[in-house]
file data-v7.cif (mmCIF, C-alpha atoms)
data_structure
#
loop_
_atom_site.group_PDB
_atom_site.id
_atom_site.type_symbol
_atom_site.label_atom_id
_atom_site.label_comp_id
_atom_site.auth_asym_id
_atom_site.auth_seq_id
_atom_site.Cartn_x
_atom_site.Cartn_y
_atom_site.Cartn_z
ATOM 1 C CA MET A 1413 -22.239 20.704 -7.374
ATOM 2 C CA PRO A 1414 -22.632 21.309 -11.158
ATOM 3 C CA GLY A 1415 -20.669 19.063 -13.494
ATOM 4 C CA SER A 1416 -18.461 21.895 -14.719
ATOM 5 C CA LEU A 1417 -17.388 22.690 -11.161
ATOM 6 C CA ARG A 1418 -16.734 19.031 -10.409
ATOM 7 C CA ALA A 1419 -14.542 18.815 -13.516
ATOM 8 C CA LEU A 1420 -12.654 21.911 -12.388
ATOM 9 C CA ARG A 1421 -12.244 20.373 -8.937
ATOM 10 C CA ARG A 1422 -10.794 17.253 -10.532
ATOM 11 C CA ARG A 1423 -8.298 19.224 -12.614
ATOM 12 C CA ILE A 1424 -7.174 21.290 -9.641
ATOM 13 C CA LEU A 1425 -6.843 18.408 -7.201
ATOM 14 C CA THR A 1426 -5.501 15.575 -9.374
ATOM 15 C CA PRO A 1427 -1.686 15.263 -9.421
ATOM 16 C CA ASP A 1428 0.109 15.456 -12.776
ATOM 17 C CA VAL A 1429 0.427 12.037 -14.423
ATOM 18 C CA MET A 1430 4.021 12.890 -15.327
ATOM 19 C CA GLU A 1431 4.837 12.493 -11.625
ATOM 20 C CA THR A 1432 4.354 8.736 -12.069
ATOM 21 C CA LYS A 1433 6.982 8.345 -14.807
ATOM 22 C CA LEU A 1434 10.060 6.427 -13.674
ATOM 23 C CA GLU A 1435 12.352 8.872 -15.456
ATOM 24 C CA LYS A 1436 10.703 11.785 -13.669
ATOM 25 C CA ARG A 1437 11.037 10.025 -10.319
ATOM 26 C CA GLY A 1438 14.607 8.936 -10.973
ATOM 27 C CA PHE A 1439 13.719 5.308 -10.288
ATOM 28 C CA HIS A 1440 15.683 2.338 -11.570
ATOM 29 C CA VAL A 1441 14.497 0.855 -14.887
ATOM 30 C CA LYS A 1442 14.964 -2.923 -15.078
ATOM 31 C CA ASN A 1443 13.473 -3.277 -18.553
ATOM 32 C CA ASP A 1444 10.685 -1.841 -20.688
ATOM 33 C CA GLU A 1445 8.126 -4.344 -19.438
ATOM 34 C CA ALA A 1446 8.696 -3.453 -15.787
ATOM 35 C CA ARG A 1447 8.707 0.263 -16.565
ATOM 36 C CA GLU A 1448 5.406 0.017 -18.436
ATOM 37 C CA LEU A 1449 3.824 -1.953 -15.587
ATOM 38 C CA LEU A 1450 4.887 0.464 -12.857
ATOM 39 C CA GLU A 1451 3.895 3.492 -14.866
ATOM 40 C CA ARG A 1452 0.500 2.015 -15.663
ATOM 41 C CA ILE A 1453 -0.045 1.360 -11.974
ATOM 42 C CA GLY A 1454 0.710 5.021 -11.277
ATOM 43 C CA GLU A 1455 -1.569 6.177 -14.076
ATOM 44 C CA THR A 1456 -4.379 3.931 -12.832
ATOM 45 C CA PHE A 1457 -3.972 5.256 -9.290
ATOM 46 C CA LEU A 1458 -4.437 8.777 -10.640
ATOM 47 C CA ARG A 1459 -7.373 7.628 -12.763
ATOM 48 C CA GLY A 1460 -9.088 6.433 -9.616
ATOM 49 C CA TYR A 1461 -8.220 9.682 -7.882
ATOM 50 C CA ALA A 1462 -9.695 11.730 -10.717
ATOM 51 C CA LEU A 1463 -12.902 9.662 -10.847
ATOM 52 C CA ALA A 1464 -13.477 10.213 -7.133
ATOM 53 C CA ALA A 1465 -12.590 13.902 -7.328
ATOM 54 C CA GLU A 1466 -15.205 14.521 -10.022
ATOM 55 C CA ALA A 1467 -17.929 12.135 -8.838
ATOM 56 C CA ARG A 1468 -21.072 13.464 -7.219
ATOM 57 C CA THR A 1469 -21.188 10.469 -4.875
ATOM 58 C CA PRO A 1470 -18.966 7.497 -4.024
ATOM 59 C CA ALA A 1471 -21.466 5.232 -5.798
ATOM 60 C CA GLU A 1472 -20.991 7.208 -9.011
ATOM 61 C CA ALA A 1473 -17.231 6.799 -8.771
ATOM 62 C CA GLU A 1474 -17.591 3.075 -8.125
ATOM 63 C CA GLU A 1475 -19.485 2.518 -11.368
ATOM 64 C CA GLN A 1476 -16.450 3.714 -13.327
ATOM 65 C CA LEU A 1477 -13.865 2.137 -11.028
ATOM 66 C CA GLU A 1478 -15.432 -1.255 -11.683
ATOM 67 C CA GLU A 1479 -14.675 -0.891 -15.397
ATOM 68 C CA ILE A 1480 -10.903 -0.865 -14.797
ATOM 69 C CA PRO A 1481 -9.189 -4.219 -15.558
ATOM 70 C CA PRO A 1482 -8.837 -6.500 -12.513
ATOM 71 C CA ARG A 1483 -5.040 -6.393 -12.440
ATOM 72 C CA PHE A 1484 -5.075 -2.636 -11.882
ATOM 73 C CA ARG A 1485 -8.468 -1.982 -10.281
ATOM 74 C CA GLY A 1486 -7.199 -2.086 -6.707
ATOM 75 C CA PHE A 1487 -4.791 0.762 -7.431
ATOM 76 C CA ALA A 1488 -7.674 2.839 -8.748
ATOM 77 C CA TYR A 1489 -9.605 2.259 -5.523
ATOM 78 C CA GLU A 1490 -6.483 3.268 -3.608
ATOM 79 C CA GLY A 1491 -6.318 6.524 -5.553
ATOM 80 C CA ALA A 1492 -10.008 7.115 -4.959
ATOM 81 C CA GLY A 1493 -9.436 6.594 -1.239
ATOM 82 C CA MET A 1494 -6.835 9.356 -1.330
ATOM 83 C CA ALA A 1495 -9.201 11.674 -3.193
ATOM 84 C CA PHE A 1496 -12.122 11.158 -0.807
ATOM 85 C CA THR A 1497 -9.789 11.757 2.149
ATOM 86 C CA ILE A 1498 -8.748 15.107 0.706
ATOM 87 C CA LEU A 1499 -12.304 16.036 -0.283
ATOM 88 C CA ASP A 1500 -13.527 15.237 3.226
ATOM 89 C CA ALA A 1501 -10.955 17.660 4.630
ATOM 90 C CA LEU A 1502 -11.830 20.578 2.349
ATOM 91 C CA PRO A 1503 -14.431 23.243 3.176
ATOM 92 C CA PHE A 1504 -16.716 22.169 0.327
ATOM 93 C CA GLY A 1505 -16.422 18.474 1.197
ATOM 94 C CA SER A 1506 -19.167 16.502 2.915
ATOM 95 C CA GLY A 1507 -16.799 14.976 5.454
ATOM 96 C CA ARG A 1508 -18.404 11.594 4.731
ATOM 97 C CA GLY A 1509 -16.836 10.580 1.428
ATOM 98 C CA VAL A 1510 -14.515 7.886 2.789
ATOM 99 C CA ASP A 1511 -17.256 6.522 5.036
ATOM 100 C CA GLY A 1512 -19.714 6.344 2.140
ATOM 101 C CA PHE A 1513 -17.088 4.762 -0.074
ATOM 102 C CA LEU A 1514 -16.430 2.021 2.473
ATOM 103 C CA ARG A 1515 -20.163 1.353 2.844
ATOM 104 C CA GLY A 1516 -20.449 0.522 -0.848
ATOM 105 C CA ARG A 1517 -18.343 -1.506 -3.244
ATOM 106 C CA GLY A 1518 -15.283 0.064 -1.707
ATOM 107 C CA ASN A 1519 -15.678 -2.282 1.259
ATOM 108 C CA ALA A 1520 -14.192 -5.089 -0.846
ATOM 109 C CA HIS A 1521 -11.124 -2.867 -1.284
ATOM 110 C CA ILE A 1522 -10.912 -1.662 2.321
ATOM 111 C CA TYR A 1523 -7.189 -2.408 2.620
ATOM 112 C CA MET A 1524 -6.343 -0.361 -0.460
ATOM 113 C CA ILE A 1525 -8.642 2.461 0.599
ATOM 114 C CA TYR A 1526 -6.995 2.674 4.021
ATOM 115 C CA VAL A 1527 -3.636 2.909 2.269
ATOM 116 C CA GLY A 1528 -5.124 5.688 0.132
ATOM 117 C CA ILE A 1529 -6.110 7.556 3.290
ATOM 118 C CA GLY A 1530 -2.411 7.627 4.166
ATOM 119 C CA TRP A 1531 -1.630 9.154 0.767
ATOM 120 C CA GLY A 1532 -4.206 11.842 1.470
ATOM 121 C CA MET A 1533 -2.718 12.602 4.875
ATOM 122 C CA ALA A 1534 0.709 13.041 3.287
ATOM 123 C CA ARG A 1535 -0.767 15.863 1.188
ATOM 124 C CA LEU A 1536 -2.835 17.515 3.921
ATOM 125 C CA PRO A 1537 -1.754 19.743 6.821
ATOM 126 C CA ARG A 1538 -1.923 17.874 10.094
ATOM 127 C CA PHE A 1539 -4.884 19.796 11.456
ATOM 128 C CA LEU A 1540 -6.953 18.359 8.590
ATOM 129 C CA TRP A 1541 -5.977 14.728 9.153
ATOM 130 C CA PRO A 1542 -8.922 12.401 9.868
ATOM 131 C CA LYS A 1543 -9.569 11.455 13.465
ATOM 132 C CA SER A 1544 -8.157 7.996 14.130
ATOM 133 C CA ALA A 1545 -11.202 7.154 16.271
ATOM 134 C CA THR A 1546 -13.340 7.161 13.098
ATOM 135 C CA LEU A 1547 -11.309 4.303 11.577
ATOM 136 C CA ASP A 1548 -11.054 0.584 12.241
ATOM 137 C CA PRO A 1549 -8.565 0.270 15.142
ATOM 138 C CA LEU A 1550 -7.036 -2.880 13.632
ATOM 139 C CA LEU A 1551 -6.603 -1.567 10.098
ATOM 140 C CA LEU A 1552 -5.674 2.046 10.791
ATOM 141 C CA TRP A 1553 -1.981 1.104 10.638
ATOM 142 C CA LEU A 1554 -2.458 0.643 6.895
ATOM 143 C CA VAL A 1555 -2.873 4.414 6.830
ATOM 144 C CA HIS A 1556 0.739 4.719 7.999
ATOM 145 C CA ASP A 1557 1.725 2.207 5.329
ATOM 146 C CA GLY A 1558 0.207 4.477 2.697
ATOM 147 C CA TYR A 1559 1.885 7.515 4.204
ATOM 148 C CA GLY A 1560 5.261 5.741 4.159
ATOM 149 C CA PHE A 1561 4.834 4.678 0.546
ATOM 150 C CA HIS A 1562 3.988 8.251 -0.479
ATOM 151 C CA GLN A 1563 7.006 9.693 1.287
ATOM 152 C CA ALA A 1564 9.438 7.163 -0.167
ATOM 153 C CA TYR A 1565 7.914 7.542 -3.632
ATOM 154 C CA PHE A 1566 7.914 11.349 -3.747
ATOM 155 C CA HIS A 1567 10.732 12.138 -1.309
ATOM 156 C CA THR A 1568 13.051 9.293 -2.232
ATOM 157 C CA GLU A 1569 16.291 11.056 -1.402
ATOM 158 C CA ARG A 1570 15.215 11.737 2.166
ATOM 159 C CA TYR A 1571 13.302 8.555 2.996
ATOM 160 C CA VAL A 1572 15.309 5.993 0.997
ATOM 161 C CA THR A 1573 18.798 7.355 0.379
ATOM 162 C CA GLN A 1574 19.092 9.195 3.696
ATOM 163 C CA GLN A 1575 16.835 6.666 5.475
ATOM 164 C CA PHE A 1576 14.936 9.345 7.365
ATOM 165 C CA GLN A 1577 12.582 7.983 10.022
ATOM 166 C CA ASP A 1578 9.612 9.876 11.435
ATOM 167 C CA SER A 1579 10.183 9.887 15.182
ATOM 168 C CA GLY A 1580 7.255 10.699 17.428
ATOM 169 C CA PHE A 1581 4.744 10.501 14.555
ATOM 170 C CA PRO A 1582 1.714 12.373 15.931
ATOM 171 C CA TRP A 1583 -1.082 10.053 14.739
ATOM 172 C CA PRO A 1584 -2.934 8.181 16.145
ATOM 173 C CA ALA A 1585 -3.309 9.200 19.738
ATOM 174 C CA GLY A 1586 -3.118 6.373 22.238
ATOM 175 C CA ARG A 1587 -0.838 3.849 23.863
ATOM 176 C CA ASN A 1588 0.313 2.209 20.602
ATOM 177 C CA ARG A 1589 1.418 5.453 19.009
ATOM 178 C CA GLY A 1590 5.068 4.383 19.123
ATOM 179 C CA TYR A 1591 4.319 1.687 16.535
ATOM 180 C CA ALA A 1592 3.721 4.314 13.843
ATOM 181 C CA GLY A 1593 7.337 4.319 12.680
ATOM 182 C CA ARG A 1594 7.254 0.595 12.051
ATOM 183 C CA ALA A 1595 4.023 0.782 10.070
ATOM 184 C CA ILE A 1596 5.506 3.625 8.013
ATOM 185 C CA ASP A 1597 8.527 1.427 7.295
ATOM 186 C CA GLN A 1598 6.207 -1.236 5.882
ATOM 187 C CA GLY A 1599 5.007 1.346 3.366
ATOM 188 C CA ILE A 1600 8.563 2.400 2.590
ATOM 189 C CA GLY A 1601 9.327 -1.251 1.891
ATOM 190 C CA ARG A 1602 6.463 -1.401 -0.601
ATOM 191 C CA ALA A 1603 7.802 1.701 -2.291
ATOM 192 C CA LEU A 1604 11.259 0.139 -2.623
ATOM 193 C CA TRP A 1605 9.765 -2.377 -5.073
ATOM 194 C CA PHE A 1606 8.849 0.622 -7.254
ATOM 195 C CA VAL A 1607 11.979 2.678 -6.612
ATOM 196 C CA GLY A 1608 14.069 -0.361 -7.539
ATOM 197 C CA GLY A 1609 12.012 -0.973 -10.669
ATOM 198 C CA THR A 1610 11.148 -4.562 -9.512
ATOM 199 C CA ASP A 1611 14.845 -5.436 -9.881
ATOM 200 C CA VAL A 1612 15.568 -7.871 -7.043
ATOM 201 C CA GLU A 1613 19.259 -7.009 -6.777
ATOM 202 C CA LYS A 1614 18.490 -3.293 -6.606
ATOM 203 C CA VAL A 1615 15.622 -3.671 -4.136
ATOM 204 C CA VAL A 1616 17.484 -5.958 -1.734
ATOM 205 C CA SER A 1617 20.586 -3.771 -1.825
ATOM 206 C CA MET A 1618 18.454 -0.768 -0.797
ATOM 207 C CA VAL A 1619 16.884 -2.704 2.076
ATOM 208 C CA GLU A 1620 20.298 -3.845 3.293
ATOM 209 C CA LYS A 1621 21.506 -0.265 3.565
ATOM 210 C CA PHE A 1622 18.905 0.434 6.249
ATOM 211 C CA PRO A 1623 19.643 -0.288 9.919
ATOM 212 C CA ARG A 1624 19.085 -3.951 10.754
ATOM 213 C CA ALA A 1625 16.242 -3.091 13.137
ATOM 214 C CA ARG A 1626 14.163 -1.727 10.237
ATOM 215 C CA ARG A 1627 14.695 -4.521 7.721
ATOM 216 C CA ALA A 1628 11.951 -6.914 8.853
ATOM 217 C CA ASP A 1629 9.260 -4.304 8.237
ATOM 218 C CA LEU A 1630 10.867 -3.247 4.960
ATOM 219 C CA PHE A 1631 10.953 -6.835 3.676
ATOM 220 C CA SER A 1632 7.306 -7.234 4.654
ATOM 221 C CA GLY A 1633 6.464 -4.279 2.433
ATOM 222 C CA VAL A 1634 8.586 -5.646 -0.393
ATOM 223 C CA GLY A 1635 6.757 -8.980 -0.207
ATOM 224 C CA LEU A 1636 3.392 -7.256 -0.303
ATOM 225 C CA ALA A 1637 4.308 -5.157 -3.346
ATOM 226 C CA ALA A 1638 5.964 -8.005 -5.233
ATOM 227 C CA THR A 1639 2.808 -10.089 -4.741
ATOM 228 C CA TYR A 1640 0.127 -7.451 -5.264
ATOM 229 C CA ALA A 1641 1.718 -5.320 -8.001
ATOM 230 C CA GLY A 1642 3.855 -7.965 -9.686
ATOM 231 C CA GLY A 1643 6.707 -7.250 -12.045
ATOM 232 C CA GLY A 1644 8.969 -10.107 -11.030
ATOM 233 C CA ALA A 1645 9.217 -13.393 -12.934
ATOM 234 C CA GLU A 1646 9.129 -16.638 -10.952
ATOM 235 C CA ASP A 1647 12.904 -17.013 -10.963
ATOM 236 C CA GLU A 1648 13.286 -13.427 -9.750
ATOM 237 C CA LEU A 1649 10.809 -14.024 -6.928
ATOM 238 C CA ARG A 1650 12.728 -17.132 -5.898
ATOM 239 C CA GLU A 1651 15.886 -15.054 -5.840
ATOM 240 C CA LEU A 1652 14.118 -12.469 -3.676
ATOM 241 C CA ARG A 1653 13.022 -15.192 -1.270
ATOM 242 C CA GLU A 1654 16.578 -16.468 -0.983
ATOM 243 C CA ARG A 1655 18.067 -13.006 -0.608
ATOM 244 C CA ALA A 1656 15.606 -12.177 2.175
ATOM 245 C CA GLY A 1657 17.363 -14.790 4.305
ATOM 246 C CA HIS A 1658 16.423 -14.353 7.967
ATOM 247 C CA TYR A 1659 13.516 -12.125 6.916
ATOM 248 C CA ARG A 1660 11.708 -14.710 4.770
ATOM 249 C CA PRO A 1661 8.814 -14.982 7.261
ATOM 250 C CA GLN A 1662 8.222 -11.222 7.041
ATOM 251 C CA LEU A 1663 8.506 -11.290 3.238
ATOM 252 C CA ALA A 1664 5.903 -14.062 3.189
ATOM 253 C CA GLN A 1665 3.674 -12.248 5.690
ATOM 254 C CA GLY A 1666 3.511 -9.271 3.336
ATOM 255 C CA SER A 1667 2.623 -11.669 0.530
ATOM 256 C CA VAL A 1668 -0.217 -13.121 2.626
ATOM 257 C CA PHE A 1669 -1.695 -9.670 3.216
ATOM 258 C CA ALA A 1670 -1.467 -8.915 -0.507
ATOM 259 C CA ALA A 1671 -3.215 -12.187 -1.281
ATOM 260 C CA GLU A 1672 -6.080 -11.405 1.079
ATOM 261 C CA ALA A 1673 -6.507 -7.968 -0.465
ATOM 262 C CA ARG A 1674 -6.697 -9.538 -3.932
ATOM 263 C CA VAL A 1675 -8.973 -12.410 -2.913
ATOM 264 C CA ARG A 1676 -11.349 -10.192 -0.922
ATOM 265 C CA ALA A 1677 -11.808 -7.918 -3.937
ATOM 266 C CA GLY A 1678 -12.047 -10.766 -6.459
ATOM 267 C CA LEU A 1679 -8.968 -9.509 -8.304
ATOM 268 C CA VAL A 1680 -6.640 -12.527 -8.293
ATOM 269 C CA VAL A 1681 -4.484 -12.703 -11.425
ATOM 270 C CA PRO A 1682 -1.706 -15.146 -12.433
ATOM 271 C CA HIS A 1683 1.219 -13.237 -10.942
ATOM 272 C CA ASN A 1684 -0.474 -13.332 -7.517
ATOM 273 C CA GLU A 1685 -0.627 -17.104 -7.746
ATOM 274 C CA ILE A 1686 3.049 -17.385 -8.644
ATOM 275 C CA ALA A 1687 4.141 -15.032 -5.860
ATOM 276 C CA THR A 1688 2.180 -16.707 -3.063
ATOM 277 C CA GLN A 1689 3.437 -20.105 -4.190
ATOM 278 C CA VAL A 1690 7.042 -18.892 -4.128
ATOM 279 C CA PHE A 1691 6.857 -16.883 -0.896
ATOM 280 C CA CYS A 1692 4.270 -18.845 1.099
ATOM 281 C CA GLY A 1693 4.050 -22.283 -0.508
ATOM 282 C CA SER A 1694 0.321 -21.781 -1.021
ATOM 283 C CA THR A 1695 -2.355 -20.479 -3.336
ATOM 284 C CA PRO A 1696 -3.688 -16.919 -2.880
ATOM 285 C CA GLU A 1697 -6.906 -18.371 -1.490
ATOM 286 C CA GLN A 1698 -5.040 -20.445 1.099
ATOM 287 C CA ALA A 1699 -2.922 -17.435 2.037
ATOM 288 C CA ALA A 1700 -6.045 -15.293 2.421
ATOM 289 C CA ARG A 1701 -7.616 -17.931 4.654
ATOM 290 C CA LEU A 1702 -4.488 -17.942 6.842
ATOM 291 C CA SER A 1703 -4.779 -14.174 7.172
ATOM 292 C CA LEU A 1704 -8.427 -14.379 8.199
ATOM 293 C CA ASP A 1705 -7.849 -17.265 10.609
ATOM 294 C CA THR A 1706 -5.113 -15.383 12.464
ATOM 295 C CA ARG A 1707 -6.841 -12.000 12.490
ATOM 296 C CA PRO A 1708 -7.406 -10.718 16.064
ATOM 297 C CA ALA A 1709 -11.030 -10.271 17.029
ATOM 298 C CA GLY A 1710 -10.244 -7.248 19.206
ATOM 299 C CA ALA A 1711 -7.543 -5.590 21.228
ATOM 300 C CA VAL A 1712 -4.722 -7.799 22.506
ATOM 301 C CA PRO A 1713 -2.742 -7.346 25.724
ATOM 302 C CA GLY A 1714 0.772 -5.953 25.523
ATOM 303 C CA VAL A 1715 2.614 -2.946 24.211
ATOM 304 C CA LEU A 1716 2.088 -3.768 20.531
ATOM 305 C CA PRO A 1717 -1.156 -3.131 18.641
ATOM 306 C CA ALA A 1718 -3.379 -5.977 17.484
ATOM 307 C CA TYR A 1719 -2.240 -5.303 13.916
ATOM 308 C CA GLU A 1720 1.350 -6.245 14.766
ATOM 309 C CA MET A 1721 0.211 -9.337 16.630
ATOM 310 C CA TRP A 1722 -1.730 -10.279 13.496
ATOM 311 C CA ARG A 1723 1.413 -9.926 11.388
ATOM 312 C CA GLN A 1724 3.411 -12.020 13.849
ATOM 313 C CA ARG A 1725 0.765 -14.747 13.933
ATOM 314 C CA VAL A 1726 0.823 -14.971 10.142
ATOM 315 C CA ALA A 1727 4.623 -15.226 10.058
ATOM 316 C CA ASP A 1728 4.642 -17.821 12.849
ATOM 317 C CA GLN A 1729 1.991 -19.923 11.138
ATOM 318 C CA LEU A 1730 3.915 -19.867 7.876
ATOM 319 C CA ILE A 1731 6.967 -21.198 9.704
ATOM 320 C CA SER A 1732 5.036 -23.903 11.572
ATOM 321 C CA LEU A 1733 3.264 -25.035 8.395
ATOM 322 C CA GLY A 1734 6.572 -25.348 6.594
ATOM 323 C CA GLY A 1735 5.850 -22.693 3.996
ATOM 324 C CA VAL A 1736 8.898 -20.641 4.945
ATOM 325 C CA SER A 1737 11.947 -20.942 7.151
ATOM 326 C CA PRO A 1738 13.570 -18.165 9.200
#

call {"tool": "encode", "arguments": {"input": "data-v7.cif", "output": "structure tokens"}}
result
Amino acid sequence: MPGSLRALRRRILTPDVMETKLEKRGFHVKNDEARELLERIGETFLRGYALAAEARTPAEAEEQLEEIPPRFRGFAYEGAGMAFTILDALPFGSGRGVDGFLRGRGNAHIYMIYVGIGWGMARLPRFLWPKSATLDPLLLWLVHDGYGFHQAYFHTERYVTQQFQDSGFPWPAGRNRGYAGRAIDQGIGRALWFVGGTDVEKVVSMVEKFPRARRADLFSGVGLAATYAGGGAEDELRELRERAGHYRPQLAQGSVFAAEARVRAGLVVPHNEIATQVFCGSTPEQAARLSLDTRPAGAVPGVLPAYEMWRQRVADQLISLGGVSP
């Protein structure tokens, strides 16, 4: 495809950067520093999306993605994952963009790219959604996480204020399909960190308005976002840990997953270190090792998917090691 057509494709497909402004979204503003951070994350996500939308190949996009500062690079890869998902679904797409992306440098960012796939699905009609059989059966629930984040971020009134829950979510097919709502809630929890402007009081109050049965997954998402994205000072993170109460293990589990995503991609920055110390009583590297050590090698017996068993193992280990208390 000629460069001029690729540029046109980028302009047509890339969302408007104004959609990432907190004022536009109606999100809470804690202070200027938090607003600037969250808006830069949104802008970087769209930068990654645009690079992928215009690139001739995933490798070409990666060259430019690698130039983005470490603190924000993972969000750019997430945006690129969304773009390749949409390109794969379009008539002029190769259908192999995501696969090629994950075979290259994108493999170090596989968690973020899977989340980006969920963003893409939220923008595509269902008949164009990727086949779940083409994805890692353990990690495919991160796709739901990305979908949930998108819905809470762009449809905040329905998914946060009205607490809408997708019942009978039609993807993936299979015996664990009923878990989809929980995985979506984990993404909604991540979004609450953005909707609440990283203000602990605001974020926790939103979580506590949801039915009790949904709060564990929501707090897991909050812990992941607070660790990966940042925006909370150490004293604020300690307050969040205390306010989580009974859900501290889930908050810490989300932090562990964020740490592994950062460590795997070589993107650890100071706020990750502070967050894992507060939530997990460990360094990001130790948290990442815990995640890898508890990761299921294959399917596990029972009604829950291996991904949920992984999350439970992490939370249980954190309790037994004394890092958190229920």

call {"tool": "closest_residue", "arguments": {"input": "data-v7.cif", "among": "A:Thr1497, A:Gln1689, A:Gln1577, A:Ser1632", "to": "Ala1656 in chain A", "atoms": "all atoms listed in the file"}}
result
A:Ser1632

call {"tool": "residues_around", "arguments": {"input": "data-v7.cif", "residues": "Arg1508 in chain A", "least_positions_apart": "6", "cutoff": "12 Å", "atoms": "all atoms listed in the file", "output": "compact mmCIF listing (two decimals) with C-alpha atoms, keeping the file's coordinate frame"}}
result
# COMPACT_ATOMS: atom_id res chain seq x y z
CA THR A 1469 -21.19 10.47 -4.88
CA PRO A 1470 -18.97 7.50 -4.02
CA GLY A 1493 -9.44 6.59 -1.24
CA PHE A 1496 -12.12 11.16 -0.81
CA THR A 1497 -9.79 11.76 2.15
CA ILE A 1498 -8.75 15.11 0.71
CA LEU A 1499 -12.30 16.04 -0.28
CA ASP A 1500 -13.53 15.24 3.23
CA ALA A 1501 -10.96 17.66 4.63
CA LEU A 1502 -11.83 20.58 2.35
CA LEU A 1514 -16.43 2.02 2.47
CA ARG A 1515 -20.16 1.35 2.84
CA PRO A 1542 -8.92 12.40 9.87
CA THR A 1546 -13.34 7.16 13.10

call {"tool": "resolve_selection", "arguments": {"input": "data-v7.cif", "expression": "the PyMOL selection byres ((chain A and resi 1714-1719) around 8)", "output": "PDB file with C-alpha atoms, in the coordinates of the input"}}
result
ATOM      1  CA  LEU A1550      -7.036  -2.880  13.632  1.00  0.00           C
ATOM      2  CA  LEU A1551      -6.603  -1.567  10.098  1.00  0.00           C
ATOM      3  CA  TRP A1553      -1.981   1.104  10.638  1.00  0.00           C
ATOM      4  CA  ARG A1587      -0.838   3.849  23.863  1.00  0.00           C
ATOM      5  CA  ASN A1588       0.313   2.209  20.602  1.00  0.00           C
ATOM      6  CA  TYR A1591       4.319   1.687  16.535  1.00  0.00           C
ATOM      7  CA  PRO A1708      -7.406 -10.718  16.064  1.00  0.00           C
ATOM      8  CA  GLY A1710     -10.244  -7.248  19.206  1.00  0.00           C
ATOM      9  CA  ALA A1711      -7.543  -5.590  21.228  1.00  0.00           C
ATOM     10  CA  VAL A1712      -4.722  -7.799  22.506  1.00  0.00           C
ATOM     11  CA  PRO A1713      -2.742  -7.346  25.724  1.00  0.00           C
ATOM     12  CA  GLU A1720       1.350  -6.245  14.766  1.00  0.00           C
ATOM     13  CA  MET A1721       0.211  -9.337  16.630  1.00  0.00           C
ATOM     14  CA  TRP A1722      -1.730 -10.279  13.496  1.00  0.00           C
ATOM     15  CA  ARG A1723       1.413  -9.926  11.388  1.00  0.00           C
TER      16      ARG A1723
END

call {"tool": "resolve_selection", "arguments": {"input": "data-v7.cif", "expression": "the PyMOL selection byres ((chain A and resi 1431) around 12)", "output": "JSON list (two decimals) with C-alpha atoms, in the coordinates of the input"}}
result
[["chain", "number", "residue", "atom", "x", "y", "z"],
["A", 1426, "THR", "CA", -5.50, 15.58, -9.37],
["A", 1427, "PRO", "CA", -1.69, 15.26, -9.42],
["A", 1428, "ASP", "CA", 0.11, 15.46, -12.78],
["A", 1429, "VAL", "CA", 0.43, 12.04, -14.42],
["A", 1430, "MET", "CA", 4.02, 12.89, -15.33],
["A", 1432, "THR", "CA", 4.35, 8.74, -12.07],
["A", 1433, "LYS", "CA", 6.98, 8.35, -14.81],
["A", 1434, "LEU", "CA", 10.06, 6.43, -13.67],
["A", 1435, "GLU", "CA", 12.35, 8.87, -15.46],
["A", 1436, "LYS", "CA", 10.70, 11.78, -13.67],
["A", 1437, "ARG", "CA", 11.04, 10.02, -10.32],
["A", 1438, "GLY", "CA", 14.61, 8.94, -10.97],
["A", 1439, "PHE", "CA", 13.72, 5.31, -10.29],
["A", 1451, "GLU", "CA", 3.90, 3.49, -14.87],
["A", 1454, "GLY", "CA", 0.71, 5.02, -11.28],
["A", 1455, "GLU", "CA", -1.57, 6.18, -14.08],
["A", 1457, "PHE", "CA", -3.97, 5.26, -9.29],
["A", 1458, "LEU", "CA", -4.44, 8.78, -10.64],
["A", 1562, "HIS", "CA", 3.99, 8.25, -0.48],
["A", 1565, "TYR", "CA", 7.91, 7.54, -3.63],
["A", 1566, "PHE", "CA", 7.91, 11.35, -3.75],
["A", 1567, "HIS", "CA", 10.73, 12.14, -1.31]]

call {"tool": "atom_distance", "arguments": {"input": "data-v7.cif", "atom1": "CA of Phe1581 in chain A", "atom2": "CA of Arg1624 in chain A"}}
result
20.7 Å

call {"tool": "atom_distance", "arguments": {"input": "data-v7.cif", "atom1": "CA of Gly1593 in chain A", "atom2": "CA of Val1634 in chain A"}}
result
16.5 Å

call {"tool": "atom_distance", "arguments": {"input": "data-v7.cif", "atom1": "CA of Ile1525 in chain A", "atom2": "CA of Tyr1461 in chain A"}}
result
11.1 Å

call {"tool": "closest_residue", "arguments": {"input": "data-v7.cif", "among": "A:Phe1622, A:Phe1631, A:Phe1606, A:Phe1576", "to": "Arg1452 in chain A", "atoms": "all atoms listed in the file"}}
result
A:Phe1606

call {"tool": "residues_near_point", "arguments": {"input": "data-v7.cif", "point": "(16.3, 7.3, 1.0)", "cutoff": "10 Å", "atoms": "all atoms listed in the file", "output": "PyMOL selection string"}}
result
chain A and resi 1563-1565+1567-1577+1600+1604+1607+1618+1621-1622

call {"tool": "residues_around", "arguments": {"input": "data-v7.cif", "residues": "Gly1693 in chain A", "least_positions_apart": "4", "cutoff": "10 Å", "atoms": "only C-alpha atoms", "output": "list in words"}}
result
Ala1664, Ile1686, Ala1687, Thr1688, Gln1689, Gln1698, Ala1699, Leu1730, Leu1733, Gly1734, Gly1735 and Val1736 of chain A

call {"tool": "residues_around", "arguments": {"input": "data-v7.cif", "residues": "Ala1520 in chain A", "least_positions_apart": "6", "cutoff": "10 Å", "atoms": "only C-alpha atoms", "output": "list of chain:residue names"}}
result
A:Gly1486, A:Tyr1489, A:Leu1514, A:Ala1673, A:Arg1674, A:Val1675, A:Arg1676, A:Ala1677, A:Gly1678
